[in-house]
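Presented below is the structure to which this report refers.
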Amino acid sequence: MSRRTVVLSVVTAALVLGGAGAFAVARTADEPPVLAESSVRYTAPTAERDGSVAFRTEVTAPSGVKSLKVLAWPEDGPFSEDELTAKDMAEVESADCAAAGGDTVVCAYEVPVTTEDLAGTVPGTWHVATLATAEDGTTAFADRTATFTTR
């Protein structure tokens with residue numbers, strides 16, 4: 001094999017591998033955040049103490065995680081007729097997130113539930129909706145990330 005053929009082969013291989021690497025970087029830059037290991041715990045209030053709704057999840061985004069909005073909503077509530085959308089999540093509260101290594105953060109959201117709160121709510125199945133936003137602006141919306149039941 002001539003020196004020219006070897007050099008041409010090396011240059012071609014570098015271009016192919018470089019192009020594949022650039023494609024991989026471009027592809028991951030536009031990937032939306034991904035939620036994993038989501039869980040919710042509902043504790044009913046009593047006469048002696050408040051209860052709570054506690055939600056936890058892991059969020060991964062190649063560009064970093066900017067925020068995670070969380071909303072608990074009753075299955076038999078207003079969003080049963082008009083579907084909940086990402087736009088509806090714009091004004092809800094954000095979870096507290098902490099770095100967990102790499103592109104992943106662990107986010108937690110907890111809200112107290114009093115007996116007065118419970119008296120004014122719909123008993124039954126509730127869902128936790130989430131809107132994750134990455135640093136690059138990509139989003140991931142789910143209206144049923146987790147489910148719990150009240151009585």
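Residues are referred to by chain and number: the chain letter is A, B, ... according to the order shown in the structure tokens, the number counts from 1 in that chain, and ligands are numbered separately from 1 in the order shown.
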Item to check | Polymer residues at most 6 Å from segment 100-107 of chain A, only C-alpha atoms, same-chain spacing of 4 or more positions, as a ChimeraX atom specification | outcome: /A:56-62,64,95-96
For the selection you just gave me, I'd like the residues written to a file as a PDB file, in the first residue's frame, keeping C-alpha atoms.
ATOM      1  CA  ARG A  56     -39.177  12.764  44.281  1.00  0.00           C
ATOM      2  CA  THR A  57     -37.602  12.074  40.888  1.00  0.00           C
ATOM      3  CA  GLU A  58     -34.316  12.027  39.021  1.00  0.00           C
ATOM      4  CA  VAL A  59     -33.996  14.335  35.999  1.00  0.00           C
ATOM      5  CA  THR A  60     -31.284  13.950  33.373  1.00  0.00           C
ATOM      6  CA  ALA A  61     -30.536  16.424  30.576  1.00  0.00           C
ATOM      7  CA  PRO A  62     -27.351  16.614  28.481  1.00  0.00           C
ATOM      8  CA  GLY A  64     -28.104  20.465  32.433  1.00  0.00           C
ATOM      9  CA  ALA A  95     -39.149  21.372  43.022  1.00  0.00           C
ATOM     10  CA  ASP A  96     -35.826  21.697  44.841  1.00  0.00           C
TER      11      ASP A  96
END
Checklist entry - DSSP on the backbone: what in chain A comes out alpha helix (DSSP H), as a PyMOL selection string? => result chain A and resi 3-29+115-119
Checklist entry - In Å to one decimal, how far is atom CA of Ala134 of chain A from atom CA of Lys66 of chain A? => result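 Taking atom CA of Lys66 of chain A and atom CA of Ala134 of chain A, their separation equals 5.0 Å.
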Checklist entry - Which is closest to Thr85 of chain A among A:Val34, A:Ala129, A:Val40, A:Val113, if we use only C-alpha atoms? => result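 Closest to Thr85 of chain A, using only C-alpha atoms: A:Ala129.
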Next on the checklist: Using DSSP secondary structure from the backbone, list all strand (DSSP E or B) positions within chain A, as a PyMOL selection string.
Outcome noted: chain A and resi 34-43+51-60+65-74+94+96-101+104-113+124-134+139-150
Checklist entry - Could you work out how far atom CA of Glu91 of chain A lies from atom CA of Asp117 of chain A, giving the answer in Å with one decimal? => result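 Distance reported for this atom pair: 20.4 Å.
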Next on the checklist: Please list as number ranges by chain every residue within 7 Å of Thr130 of chain A, counting only C-alpha atoms and excluding residues in the same chain fewer than 6 positions away.
Outcome noted: A: 68-71, 141-143, 145
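Of the residues listed (A:Leu118, A:Ala140, A:Ala90, A:Ala146), A:Ala140 shows the shortest atom-to-atom separation from Asp30 of chain A; distances use only C-alpha atoms.
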Next on the checklist: as a VMD selection string, please: the residues near Glu75 of chain A (cut-off 8 Å, only C-alpha atoms, same-chain neighbours under 3 positions excluded).
Outcome noted: chain A and resid 79 to 80 124 to 127
Write a file of the just-selected residues containing all heavy atoms, as a PDB file, in the first residue's frame.
ATOM      1  N   PHE A  79     -59.125  19.182  35.193  1.00  0.00           N
ATOM      2  CA  PHE A  79     -58.314  18.699  34.077  1.00  0.00           C
ATOM      3  C   PHE A  79     -58.794  17.357  33.539  1.00  0.00           C
ATOM      4  O   PHE A  79     -58.217  16.831  32.593  1.00  0.00           O
ATOM      5  CB  PHE A  79     -56.839  18.628  34.472  1.00  0.00           C
ATOM      6  CG  PHE A  79     -56.263  19.977  34.793  1.00  0.00           C
ATOM      7  CD1 PHE A  79     -55.754  20.239  36.044  1.00  0.00           C
ATOM      8  CD2 PHE A  79     -56.248  20.982  33.844  1.00  0.00           C
ATOM      9  CE1 PHE A  79     -55.223  21.488  36.347  1.00  0.00           C
ATOM     10  CE2 PHE A  79     -55.724  22.237  34.134  1.00  0.00           C
ATOM     11  CZ  PHE A  79     -55.210  22.486  35.388  1.00  0.00           C
ATOM     12  N   SER A  80     -59.848  16.794  34.135  1.00  0.00           N
ATOM     13  CA  SER A  80     -60.404  15.561  33.584  1.00  0.00           C
ATOM     14  C   SER A  80     -61.182  15.855  32.301  1.00  0.00           C
ATOM     15  O   SER A  80     -61.297  15.006  31.434  1.00  0.00           O
ATOM     16  CB  SER A  80     -61.294  14.853  34.601  1.00  0.00           C
ATOM     17  OG  SER A  80     -62.391  15.672  34.937  1.00  0.00           O
ATOM     18  N   GLY A 124     -60.013  10.583  46.319  1.00  0.00           N
ATOM     19  CA  GLY A 124     -59.831   9.644  45.221  1.00  0.00           C
ATOM     20  C   GLY A 124     -58.441   9.706  44.635  1.00  0.00           C
ATOM     21  O   GLY A 124     -57.472  10.039  45.310  1.00  0.00           O
ATOM     22  N   THR A 125     -58.357   9.414  43.354  1.00  0.00           N
ATOM     23  CA  THR A 125     -57.071   9.352  42.663  1.00  0.00           C
ATOM     24  C   THR A 125     -56.587  10.748  42.272  1.00  0.00           C
ATOM     25  O   THR A 125     -57.349  11.549  41.742  1.00  0.00           O
ATOM     26  CB  THR A 125     -57.195   8.478  41.398  1.00  0.00           C
ATOM     27  OG1 THR A 125     -57.648   7.176  41.779  1.00  0.00           O
ATOM     28  CG2 THR A 125     -55.868   8.372  40.669  1.00  0.00           C
ATOM     29  N   TRP A 126     -55.315  10.992  42.544  1.00  0.00           N
ATOM     30  CA  TRP A 126     -54.651  12.239  42.169  1.00  0.00           C
ATOM     31  C   TRP A 126     -53.415  11.882  41.349  1.00  0.00           C
ATOM     32  O   TRP A 126     -52.829  10.812  41.500  1.00  0.00           O
ATOM     33  CB  TRP A 126     -54.204  13.008  43.414  1.00  0.00           C
ATOM     34  CG  TRP A 126     -55.311  13.706  44.139  1.00  0.00           C
ATOM     35  CD1 TRP A 126     -56.406  13.136  44.723  1.00  0.00           C
ATOM     36  CD2 TRP A 126     -55.430  15.111  44.352  1.00  0.00           C
ATOM     37  NE1 TRP A 126     -57.196  14.101  45.290  1.00  0.00           N
ATOM     38  CE2 TRP A 126     -56.615  15.326  45.077  1.00  0.00           C
ATOM     39  CE3 TRP A 126     -54.644  16.201  44.013  1.00  0.00           C
ATOM     40  CZ2 TRP A 126     -57.040  16.595  45.460  1.00  0.00           C
ATOM     41  CZ3 TRP A 126     -55.055  17.466  44.387  1.00  0.00           C
ATOM     42  CH2 TRP A 126     -56.249  17.654  45.102  1.00  0.00           C
ATOM     43  N   HIS A 127     -53.036  12.794  40.461  1.00  0.00           N
ATOM     44  CA  HIS A 127     -51.847  12.621  39.635  1.00  0.00           C
ATOM     45  C   HIS A 127     -50.861  13.748  39.919  1.00  0.00           C
ATOM     46  O   HIS A 127     -51.263  14.844  40.302  1.00  0.00           O
ATOM     47  CB  HIS A 127     -52.208  12.634  38.146  1.00  0.00           C
ATOM     48  CG  HIS A 127     -53.224  11.598  37.782  1.00  0.00           C
ATOM     49  ND1 HIS A 127     -52.923  10.260  37.712  1.00  0.00           N
ATOM     50  CD2 HIS A 127     -54.540  11.706  37.490  1.00  0.00           C
ATOM     51  CE1 HIS A 127     -54.012   9.583  37.382  1.00  0.00           C
ATOM     52  NE2 HIS A 127     -55.006  10.445  37.244  1.00  0.00           N
TER      53      HIS A 127
END
Next on the checklist: Could you list, as a ChimeraX atom specification, every residue within 12 Å of Thr114 of chain A, counting only C-alpha atoms and ignoring same-chain residues fewer than 4 positions away?
Outcome noted: /A:43-53,118-121
Next on the checklist: So the first atom is atom CA of Arg151 of chain A and the second is atom CA of Ser39 of chain A; what is the distance between them in Å, to one decimal place?
Outcome noted: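 Separating atom CA of Arg151 of chain A from atom CA of Ser39 of chain A is a distance of 19.1 Å.
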